[in-house]
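Below is entry-v6.txt, holding compact mmCIF, C-alpha atoms and all ligand atoms.
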# COMPACT_ATOMS: atom_id res chain seq x y z
CA MET J 1 -20.45 1.95 -39.57
CA VAL J 2 -22.14 2.84 -36.27
CA THR J 3 -23.73 6.30 -36.09
CA VAL J 4 -24.36 8.12 -32.83
CA ALA J 5 -26.51 11.25 -32.65
CA TYR J 6 -25.77 13.68 -29.81
CA LEU J 7 -27.08 17.01 -28.55
CA GLY J 8 -24.85 19.35 -30.55
CA PRO J 9 -23.39 21.35 -32.08
CA PRO J 10 -19.74 20.39 -31.33
CA GLY J 11 -18.57 21.76 -27.97
CA THR J 12 -21.63 20.90 -25.84
CA PHE J 13 -21.29 19.06 -22.56
CA THR J 14 -23.04 16.18 -24.35
CA ASP J 15 -20.22 16.15 -26.92
CA ALA J 16 -17.74 15.82 -24.02
CA ALA J 17 -19.90 13.07 -22.50
CA LEU J 18 -19.82 11.16 -25.78
CA HIS J 19 -16.00 11.37 -25.79
CA ARG J 20 -16.01 9.92 -22.29
CA LEU J 21 -18.36 7.08 -23.31
CA ARG J 22 -16.03 6.25 -26.21
CA ALA J 23 -13.21 5.88 -23.67
CA ASP J 24 -15.29 3.73 -21.31
CA ALA J 25 -14.40 0.05 -21.70
CA ARG J 26 -18.01 -1.15 -21.72
CA ALA J 27 -19.67 1.59 -23.80
CA SER J 28 -16.79 1.69 -26.30
CA VAL J 29 -17.79 -1.82 -27.46
CA LEU J 30 -21.04 -0.32 -28.76
CA LEU J 31 -19.41 2.83 -30.11
CA ALA J 32 -16.28 1.46 -31.84
CA ASP J 33 -15.42 3.88 -34.71
CA ALA J 34 -18.88 5.46 -34.41
CA GLU J 35 -19.56 8.51 -36.52
CA ALA J 36 -20.96 11.32 -34.33
CA VAL J 37 -23.81 13.37 -35.80
CA PRO J 38 -25.01 16.53 -34.00
CA ALA J 39 -28.75 16.97 -33.40
CA GLY J 40 -30.58 20.16 -32.34
CA THR J 41 -32.50 18.70 -29.38
CA PRO J 42 -32.61 15.45 -27.36
CA ASP J 43 -35.94 14.73 -29.08
CA GLU J 44 -34.31 15.05 -32.51
CA ALA J 45 -31.39 12.77 -31.50
CA LEU J 46 -33.82 10.13 -30.20
CA ALA J 47 -36.03 10.45 -33.32
CA MET J 48 -32.95 9.62 -35.44
CA VAL J 49 -32.54 6.38 -33.48
CA ARG J 50 -36.23 5.55 -33.88
CA ALA J 51 -36.02 6.24 -37.62
CA GLY J 52 -32.88 4.11 -37.97
CA THR J 53 -30.73 7.01 -39.23
CA ALA J 54 -28.63 6.66 -36.05
CA ASP J 55 -27.81 3.54 -34.03
CA TYR J 56 -27.47 5.38 -30.72
CA ALA J 57 -28.14 8.79 -29.20
CA CYS J 58 -26.12 10.42 -26.42
CA VAL J 59 -28.39 12.79 -24.47
CA PRO J 60 -28.38 14.59 -21.08
CA PHE J 61 -30.55 12.82 -18.49
CA GLU J 62 -30.21 14.34 -15.01
CA ASN J 63 -28.46 17.34 -13.49
CA SER J 64 -27.58 17.50 -9.81
CA VAL J 65 -28.72 21.15 -9.56
CA ASP J 66 -31.70 21.28 -11.93
CA GLY J 67 -32.95 17.66 -11.69
CA THR J 68 -34.35 15.56 -14.52
CA VAL J 69 -33.67 16.86 -18.04
CA ASN J 70 -37.33 16.98 -19.07
CA PRO J 71 -36.91 17.19 -22.87
CA THR J 72 -35.03 13.87 -22.73
CA SER J 73 -37.46 12.16 -20.32
CA ASP J 74 -40.49 13.33 -22.28
CA ALA J 75 -39.05 12.07 -25.56
CA LEU J 76 -38.24 8.67 -24.03
CA ALA J 77 -41.76 8.33 -22.62
CA VAL J 78 -43.64 8.35 -25.95
CA GLY J 79 -43.11 6.97 -29.45
CA ASP J 80 -41.44 3.67 -30.34
CA PRO J 81 -39.72 2.18 -27.29
CA LEU J 82 -36.04 2.95 -26.78
CA GLN J 83 -33.57 1.59 -24.28
CA ILE J 84 -30.65 2.98 -22.27
CA PHE J 85 -27.40 0.97 -22.53
CA ALA J 86 -24.80 3.10 -20.75
CA GLU J 87 -24.35 6.29 -18.75
CA THR J 88 -21.57 8.67 -17.89
CA GLU J 89 -21.29 11.65 -15.56
CA LEU J 90 -19.48 14.95 -16.05
CA ASP J 91 -18.54 17.76 -13.69
CA VAL J 92 -20.36 20.83 -14.95
CA VAL J 93 -18.57 24.20 -14.72
CA PHE J 94 -19.10 27.04 -17.13
CA ALA J 95 -16.99 29.56 -18.96
CA ILE J 96 -18.72 32.88 -19.69
CA LEU J 97 -17.77 33.33 -23.34
CA VAL J 98 -17.82 36.54 -25.37
CA ARG J 99 -16.38 37.92 -28.63
CA PRO J 100 -12.87 39.34 -28.14
CA GLY J 101 -13.13 42.95 -26.91
CA THR J 102 -16.49 42.53 -25.10
CA ALA J 103 -16.44 43.80 -21.50
CA ALA J 104 -18.80 42.74 -18.69
CA ASP J 105 -20.74 46.01 -19.04
CA ASP J 106 -21.35 45.35 -22.76
CA VAL J 107 -23.25 42.11 -22.13
CA ARG J 108 -26.98 42.67 -22.62
CA VAL J 109 -28.09 39.25 -23.85
CA LEU J 110 -26.61 36.00 -22.54
CA ARG J 111 -27.99 32.96 -24.34
CA THR J 112 -27.53 29.42 -23.08
CA HIS J 113 -29.30 26.11 -22.45
CA PRO J 114 -32.07 26.28 -19.79
CA VAL J 115 -30.30 23.75 -17.52
CA ALA J 116 -27.10 25.82 -17.82
CA ALA J 117 -29.05 29.04 -17.10
CA ALA J 118 -30.32 27.48 -13.86
CA GLN J 119 -26.70 26.90 -12.80
CA VAL J 120 -25.28 30.40 -13.45
CA ARG J 121 -28.25 32.74 -12.82
CA ARG J 122 -26.93 34.06 -9.49
CA TRP J 123 -23.41 34.64 -10.84
CA VAL J 124 -24.79 36.50 -13.86
CA GLY J 125 -27.02 38.66 -11.62
CA MET J 126 -24.01 39.67 -9.54
CA ASN J 127 -21.35 40.04 -12.24
CA LEU J 128 -23.16 41.04 -15.44
CA PRO J 129 -25.64 43.60 -14.07
CA ARG J 130 -27.00 44.62 -17.48
CA ALA J 131 -27.40 41.10 -18.83
CA HIS J 132 -30.69 39.43 -19.59
CA ILE J 133 -30.61 35.60 -19.78
CA GLU J 134 -32.34 33.97 -22.75
CA THR J 135 -32.44 30.26 -23.47
CA THR J 136 -31.36 28.34 -26.53
CA SER J 137 -31.08 24.68 -27.56
CA SER J 138 -27.62 23.98 -26.09
CA THR J 139 -24.63 25.74 -24.60
CA ALA J 140 -22.62 25.38 -27.82
CA ALA J 141 -25.58 26.71 -29.84
CA GLY J 142 -25.31 29.75 -27.51
CA ALA J 143 -21.62 30.02 -28.40
CA GLU J 144 -22.45 29.94 -32.12
CA GLU J 145 -24.98 32.74 -31.56
CA VAL J 146 -22.35 34.85 -29.79
CA ALA J 147 -19.95 34.27 -32.70
CA ALA J 148 -22.72 35.27 -35.13
CA GLY J 149 -23.44 38.44 -33.11
CA THR J 150 -27.05 37.55 -32.16
CA ALA J 151 -26.09 37.25 -28.47
CA ASP J 152 -23.37 38.98 -26.41
CA ALA J 153 -22.36 36.08 -24.15
CA THR J 154 -23.03 32.45 -23.33
CA ALA J 155 -22.38 30.11 -20.42
CA ALA J 156 -20.81 27.02 -21.98
CA PRO J 157 -17.89 24.59 -21.78
CA ALA J 158 -14.57 26.34 -22.46
CA ARG J 159 -14.15 24.12 -25.56
CA ALA J 160 -17.24 25.74 -27.17
CA GLY J 161 -15.29 29.02 -26.98
CA GLU J 162 -12.21 27.54 -28.66
CA ILE J 163 -14.35 26.08 -31.47
CA ASN J 164 -16.17 29.39 -32.08
CA GLY J 165 -13.30 31.89 -31.64
CA LEU J 166 -14.64 33.31 -28.36
CA VAL J 167 -12.77 34.33 -25.21
CA PRO J 168 -13.70 33.78 -21.55
CA LEU J 169 -14.88 36.72 -19.44
CA ALA J 170 -14.84 34.29 -16.51
CA GLU J 171 -14.08 30.62 -15.99
CA ASN J 172 -15.17 27.93 -13.52
CA VAL J 173 -18.52 29.65 -12.98
CA ALA J 174 -21.18 27.67 -11.09
CA ASP J 175 -23.77 28.94 -8.58
CA ILE J 176 -23.60 25.63 -6.74
CA GLY J 177 -20.16 24.02 -6.66
CA GLY J 178 -19.66 20.34 -7.51
CA ALA J 179 -22.59 20.11 -9.97
CA ARG J 180 -22.69 17.06 -12.21
CA THR J 181 -24.81 15.97 -15.16
CA ARG J 182 -25.60 12.38 -16.04
CA PHE J 183 -25.77 11.49 -19.76
CA VAL J 184 -27.17 8.29 -21.25
CA LEU J 185 -26.54 6.29 -24.39
CA VAL J 186 -29.85 5.24 -25.94
CA GLY J 187 -30.55 2.70 -28.67
CA ARG J 188 -33.36 0.54 -30.03
CA PRO J 189 -34.49 -2.30 -27.72
CA ALA J 190 -31.93 -5.12 -27.37
CA PRO J 191 -30.66 -7.38 -24.59
CA PRO J 192 -29.33 -5.14 -21.80
CA PRO J 193 -25.64 -5.14 -20.90
CA PRO J 194 -24.85 -7.93 -18.42
CA ARG J 195 -25.50 -7.38 -14.72
CA THR J 196 -22.45 -5.94 -12.93
CA GLY J 197 -23.80 -5.73 -9.36
CA SER J 198 -23.79 -1.91 -9.60
CA ASP J 199 -26.58 -1.20 -12.06
CA ARG J 200 -29.53 1.09 -12.60
CA THR J 201 -32.93 0.28 -14.09
CA CYS J 202 -35.41 2.85 -15.38
CA VAL J 203 -39.15 2.49 -15.91
CA ILE J 204 -41.97 4.84 -16.87
CA PHE J 205 -45.59 4.03 -16.07
CA GLY J 206 -49.08 5.46 -15.80
CA LEU J 207 -51.44 4.82 -12.90
CA PRO J 208 -55.19 4.49 -12.65
CA HIS J 209 -56.91 7.42 -10.88
CA GLU J 210 -57.64 5.31 -7.83
CA PRO J 211 -56.84 5.81 -4.16
CA ASN J 212 -53.47 4.30 -3.23
CA SER J 213 -52.37 3.42 -6.76
CA LEU J 214 -48.99 5.19 -6.40
CA VAL J 215 -48.45 3.82 -2.89
CA GLN J 216 -49.22 0.30 -4.10
CA ALA J 217 -46.82 0.62 -7.04
CA LEU J 218 -44.01 1.90 -4.80
CA THR J 219 -44.76 -0.78 -2.21
CA GLU J 220 -43.79 -3.37 -4.84
CA LEU J 221 -40.31 -1.84 -4.67
CA SER J 222 -40.10 -1.26 -0.92
CA ILE J 223 -41.15 -4.79 0.09
CA ARG J 224 -38.28 -6.10 -2.03
CA ASP J 225 -35.74 -3.67 -0.50
CA ILE J 226 -35.23 -1.96 -3.85
CA ASP J 227 -33.65 1.47 -3.57
CA LEU J 228 -35.17 4.31 -5.65
CA THR J 229 -32.70 6.91 -6.91
CA ARG J 230 -35.05 9.19 -8.85
CA ILE J 231 -38.80 9.63 -9.14
CA GLY J 232 -40.73 12.28 -10.98
CA SER J 233 -44.00 12.78 -12.78
CA ARG J 234 -44.61 14.38 -16.15
CA PRO J 235 -47.89 15.19 -17.90
CA THR J 236 -48.98 12.51 -20.41
CA ARG J 237 -49.93 15.34 -22.83
CA VAL J 238 -52.63 12.99 -24.13
CA GLU J 239 -55.34 13.47 -21.52
CA ARG J 240 -55.40 16.71 -19.48
CA PHE J 241 -54.00 16.46 -15.94
CA THR J 242 -52.86 12.86 -16.22
CA TYR J 243 -49.28 11.93 -15.44
CA LEU J 244 -46.56 9.40 -16.19
CA PHE J 245 -44.19 8.41 -13.38
CA HIS J 246 -40.49 8.15 -14.15
CA VAL J 247 -38.56 5.94 -11.76
CA ASP J 248 -34.86 4.98 -11.54
CA LEU J 249 -34.07 2.13 -9.22
CA VAL J 250 -30.94 0.34 -8.09
CA GLY J 251 -30.42 -3.06 -9.67
CA HIS J 252 -30.63 -4.95 -12.95
CA ILE J 253 -33.48 -6.82 -14.67
CA ASP J 254 -31.44 -9.99 -13.97
CA ASP J 255 -31.52 -9.32 -10.21
CA PRO J 256 -34.35 -11.58 -8.99
CA ALA J 257 -35.80 -8.82 -6.76
CA VAL J 258 -35.90 -6.35 -9.67
CA ALA J 259 -37.36 -8.94 -12.06
CA GLU J 260 -40.14 -9.73 -9.57
CA ALA J 261 -40.80 -6.03 -8.98
CA LEU J 262 -41.08 -5.41 -12.74
CA VAL J 263 -43.64 -8.22 -13.04
CA ALA J 264 -45.62 -6.76 -10.13
CA LEU J 265 -45.40 -3.21 -11.51
CA ARG J 266 -46.60 -4.39 -14.89
CA HIS J 267 -49.67 -5.76 -13.10
CA ARG J 268 -50.33 -2.64 -11.01
CA THR J 269 -49.62 0.11 -13.54
CA ALA J 270 -50.67 1.12 -17.04
CA ASP J 271 -48.39 1.18 -20.09
CA LEU J 272 -45.24 0.21 -18.21
CA ARG J 273 -42.22 1.12 -20.31
CA TYR J 274 -38.89 -0.57 -19.50
CA LEU J 275 -36.09 1.84 -20.37
CA GLY J 276 -33.23 -0.55 -19.68
CA SER J 277 -30.76 -1.79 -17.10
CA TRP J 278 -27.20 -0.55 -17.37
CA PRO J 279 -24.02 -0.21 -15.28
CA VAL J 280 -23.66 2.84 -13.04
CA ALA J 281 -21.11 5.37 -14.36
CA GLY J 282 -17.49 4.54 -13.59
CA GLY J 283 -18.46 1.31 -11.80
CA GLY J 284 -19.39 3.52 -8.83
CA GLU J 285 -21.91 2.73 -6.14
CA ALA J 286 -25.50 3.01 -7.34
CA GLY J 287 -26.92 2.80 -3.84
CA ALA J 288 -27.89 -0.24 -1.79
CA PRO J 289 -28.08 -3.22 -4.22
CA PRO J 290 -31.24 -5.34 -4.04
CA PRO J 291 -30.93 -8.55 -2.00
CA ASP J 292 -29.98 -11.46 -4.28
CA ARG J 293 -32.34 -13.97 -2.53
CA ALA J 294 -30.01 -16.77 -3.71
CA GLU J 295 -30.82 -18.98 -0.73
CA GLU J 296 -34.60 -18.56 -1.19
CA ILE J 297 -34.41 -19.20 -4.94
CA ASP J 298 -32.38 -22.34 -4.33
CA TRP J 299 -35.01 -23.44 -1.77
CA LEU J 300 -37.80 -22.88 -4.33
CA ASP J 301 -35.90 -24.85 -6.98
CA ARG J 302 -35.50 -27.75 -4.57
CA LEU J 303 -39.27 -27.68 -3.83
CA ARG J 304 -39.99 -27.74 -7.57
CA ARG J 305 -37.70 -30.75 -8.02
CA GLY J 306 -39.46 -32.54 -5.17
CA GLU J 307 -36.27 -32.61 -3.10
CA ASP J 308 -35.98 -32.19 0.64
CA ALA J 309 -36.06 -28.38 0.86
CA GLY J 310 -35.01 -28.22 4.51
O1 LIG Z 401 -26.06 22.36 -23.72
C1 LIG Z 401 -25.22 21.48 -23.45
O2 LIG Z 401 -24.01 21.67 -23.52
C2 LIG Z 401 -25.68 20.17 -23.03
O3 LIG Z 401 -24.99 19.19 -23.25
C3 LIG Z 401 -27.00 20.07 -22.29
C4 LIG Z 401 -26.89 20.23 -20.78
C5 LIG Z 401 -28.21 19.68 -20.09
O4 LIG Z 401 -29.22 19.43 -20.75
O5 LIG Z 401 -28.18 19.54 -18.86
C6 LIG Z 401 -25.81 19.39 -20.25
C7 LIG Z 401 -25.08 19.72 -19.16
C8 LIG Z 401 -25.30 21.00 -18.43
O6 LIG Z 401 -26.01 20.66 -17.26
C9 LIG Z 401 -26.09 21.97 -19.23
C10 LIG Z 401 -26.74 21.63 -20.39
As structure tokens, the full file:
Amino acid sequence: MVTVAYLGPPGTFTDAALHRLRADARASVLLADAEAVPAGTPDEALAMVRAGTADYACVPFENSVDGTVNPTSDALAVGDPLQIFAETELDVVFAILVRPGTAADDVRVLRTHPVAAAQVRRWVGMNLPRAHIETTSSTAAGAEEVAAGTADATAAPARAGEINGLVPLAENVADIGGARTRFVLVGRPAPPPPRTGSDRTCVIFGLPHEPNSLVQALTELSIRDIDLTRIGSRPTRVERFTYLFHVDLVGHIDDPAVAEALVALRHRTADLRYLGSWPVAGGGEAGAPPPDRAEEIDWLDRLRRGEDAG
């Protein structure tokens, strides 16, 4: 039986993302009849995969308002290598959940996930004037705390309220409309899903403290017309003030341009970690796909065979 760890408890956005992955034709092949096991943090879910107590982990990866989900990125960057096999995206809107009978004026402590807090802070400031926002491990953990009486309110998916016997003070709350979060399905290294023509590849690497090292690494992508969709740096936490670069690019390891760029990046960077190539959510557009160079590769093959290359 396949086991999939996810950022729980039940009722989180990640729980909803896992449901969506189960319904996705490609990801459902990996997740058929999978047993879902809640974990307290992305790190814990990924550690279960590394330890072999789970086959996959479903974790939040990137939010359109708050950016990269750092606890996930940091956990992917160190420890035994892991690989991303699928992604899904969810619209993120919040219900402000309270125990029945709580009025807006009664809310002193609102506890929710830090990424959720970043998306409702303005609304809370305007509508819950006495509330102080504190952070907790997930939105649904916030809902459990409200049910237990250790917080007065949370910002969470409406389903977290149904599960925990809470009621909404407000629904469809979001400081910036149209926010989305991207979630990924992570497993131990294995052949990536086949190239679809609308794929993403993720790498993490270190760079020597030398002039131009970042420019040179990025030039390996730009000269091959490879589109970057996300770049960030995070402290290595090993040596003070040294960083790892996290890069998402458009294309698949089986795209010749991406394969060449990976070889070149491996040469120019330190500790390059390949985090996988996988189809973009919903078969949507990833961005400009890398050129396929089919004509040039054919030309090279003909040269190798000693044929008239033209
Ligand atoms: O706490 C949850 O419900 C989560 O699934 C985590 C998470 C995140 O890390 O971004 C997911 C989506 C929302 O952006 C807020 C929180």
With all atoms listed in the file counted and 6 Å as the cut-off, give the residues of chain J in contact with ligand LIG 401 (chain Z), each with its shortest interatomic distance in Å and the pair that gives it, as JSON lines.
{"residue": "J:Thr12", "atom": "CA", "partner": "Z:LIG401", "partner_atom": "O2", "distance": 3.4}
{"residue": "J:Phe13", "atom": "CA", "partner": "Z:LIG401", "partner_atom": "O3", "distance": 3.8}
{"residue": "J:Thr14", "atom": "CA", "partner": "Z:LIG401", "partner_atom": "O3", "distance": 3.8}
{"residue": "J:Pro60", "atom": "CA", "partner": "Z:LIG401", "partner_atom": "O4", "distance": 4.9}
{"residue": "J:Asn63", "atom": "CA", "partner": "Z:LIG401", "partner_atom": "O6", "distance": 5.6}
{"residue": "J:Val69", "atom": "CA", "partner": "Z:LIG401", "partner_atom": "O4", "distance": 5.8}
{"residue": "J:His113", "atom": "CA", "partner": "Z:LIG401", "partner_atom": "O1", "distance": 5.1}
{"residue": "J:Val115", "atom": "CA", "partner": "Z:LIG401", "partner_atom": "C9", "distance": 4.9}
{"residue": "J:Ala116", "atom": "CA", "partner": "Z:LIG401", "partner_atom": "C9", "distance": 4.2}
{"residue": "J:Ser138", "atom": "CA", "partner": "Z:LIG401", "partner_atom": "O1", "distance": 3.3}
{"residue": "J:Thr139", "atom": "CA", "partner": "Z:LIG401", "partner_atom": "O1", "distance": 3.8}
{"residue": "J:Ala140", "atom": "CA", "partner": "Z:LIG401", "partner_atom": "O2", "distance": 5.8}
{"residue": "J:Thr181", "atom": "CA", "partner": "Z:LIG401", "partner_atom": "O6", "distance": 5.3}
Can you list every residue of segment 66-134 of chain J that has an atom at most 12 Å from segment 230-249 of chain J, with its nearest atom pair and the distance in Å to one decimal, using only C-alpha atoms, ordered by chain then number, as JSON lines?
{"residue": "J:Gly67", "atom": "CA", "partner": "J:Arg230", "partner_atom": "CA", "distance": 9.2}
{"residue": "J:Thr68", "atom": "CA", "partner": "J:Gly232", "partner_atom": "CA", "distance": 8.0}
{"residue": "J:Val69", "atom": "CA", "partner": "J:Gly232", "partner_atom": "CA", "distance": 11.0}
{"residue": "J:Asn70", "atom": "CA", "partner": "J:Arg234", "partner_atom": "CA", "distance": 8.3}
{"residue": "J:Pro71", "atom": "CA", "partner": "J:Arg234", "partner_atom": "CA", "distance": 10.6}
{"residue": "J:Thr72", "atom": "CA", "partner": "J:Arg234", "partner_atom": "CA", "distance": 11.6}
{"residue": "J:Ser73", "atom": "CA", "partner": "J:His246", "partner_atom": "CA", "distance": 8.0}
{"residue": "J:Asp74", "atom": "CA", "partner": "J:Arg234", "partner_atom": "CA", "distance": 7.5}
{"residue": "J:Ala75", "atom": "CA", "partner": "J:Arg234", "partner_atom": "CA", "distance": 11.2}
{"residue": "J:Leu76", "atom": "CA", "partner": "J:His246", "partner_atom": "CA", "distance": 10.1}
{"residue": "J:Ala77", "atom": "CA", "partner": "J:Leu244", "partner_atom": "CA", "distance": 8.1}
{"residue": "J:Val78", "atom": "CA", "partner": "J:Thr236", "partner_atom": "CA", "distance": 8.7}
{"residue": "J:Ile84", "atom": "CA", "partner": "J:Asp248", "partner_atom": "CA", "distance": 11.7}
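Computed from the coordinates, the atom CA of Asp33 of chain J to atom CA of Thr3 of chain J distance equals 8.8 Å.
For the atom pair formed by atom CA of Asn164 of chain J and atom CA of Pro9 of chain J, the distance is 10.8 Å, given to one decimal.
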For this session: Counting all atoms listed in the file, write as a PyMOL selection string all protein and nucleic acid residues lying at most 6 Å from (-30.0, 42.8, -19.5) in the file's frame.
Result: chain J and resi 108-109+130-132
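Within 12 Å of the point (-22.9, 22.4, -7.5), counting all atoms listed in the file, the protein and nucleic acid residues come to Asn63, Ser64, Val65, Asp66, Gly67, Leu90, Asp91, Val92, Val93, Phe94, Ala116, Ala118, Gln119, Val120, Asn172, Val173, Ala174, Asp175, Ile176, Gly177, Gly178, Ala179, Arg180 and Thr181 of chain J.
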Taking all atoms of segment 204-211 of chain J that the file lists, what box with edges along x, y and z, padded by 3 Å per side, do you get, with centre and edge lengths in Å to one decimal, as JSON?
{"center_x": -49.8, "center_y": 5.7, "center_z": -10.5, "size_x": 21.7, "size_y": 9.4, "size_z": 18.7}
A straight line from atom CA of Val186 of chain J to atom CA of Glu145 of chain J spans 28.5 Å
Please build the interface table for segment 44-121 of chain J against segment 268-289 of chain J with a cut-off of 8 Å, listing for each qualifying residue the nearest atom pair and the distance in Å to one decimal; count only C-alpha atoms, order rows by chain and increasing number, and write it as CSV.
residue,atom,partner,partner_atom,distance
J:Ala77,CA,J:Arg273,CA,7.6
J:Pro81,CA,J:Arg273,CA,7.5
J:Leu82,CA,J:Leu275,CA,6.5
J:Gln83,CA,J:Leu275,CA,4.7
J:Ile84,CA,J:Gly276,CA,5.1
J:Phe85,CA,J:Trp278,CA,5.4
J:Ala86,CA,J:Trp278,CA,5.5
J:Glu87,CA,J:Ala281,CA,5.5
J:Thr88,CA,J:Ala281,CA,4.9
J:Glu89,CA,J:Ala281,CA,6.4
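Checking J:Asp152, J:Glu144, J:Asp80, J:Asp308 one by one against Ala104 of chain J, counting all atoms listed in the file, you find the shortest gap at J:Asp152.
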Each segment 152-199 of chain J residue no farther than 12 Å from segment 37-45 of chain J, nearest pair in Å, all atoms listed in the file, as a Markdown table:
| residue | atom | partner | partner_atom | distance |
| --- | --- | --- | --- | --- |
| J:Phe183 | CA | J:Pro42 | CA | 11.0 |
| J:Val184 | CA | J:Pro42 | CA | 10.9 |
| J:Leu185 | CA | J:Ala45 | CA | 10.8 |
| J:Val186 | CA | J:Ala45 | CA | 9.5 |
| J:Gly187 | CA | J:Ala45 | CA | 10.5 |
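Of the listed residues (J:Ala190, J:Val2, J:Ala51, J:Cys58), J:Val2 comes nearest to Ala32 of chain J; the distances count all atoms listed in the file.
Considering all atoms listed in the file, the residue among J:Glu35, J:Ala23, J:Asp15, J:Thr150 positioned nearest to Ala54 of chain J is J:Glu35.
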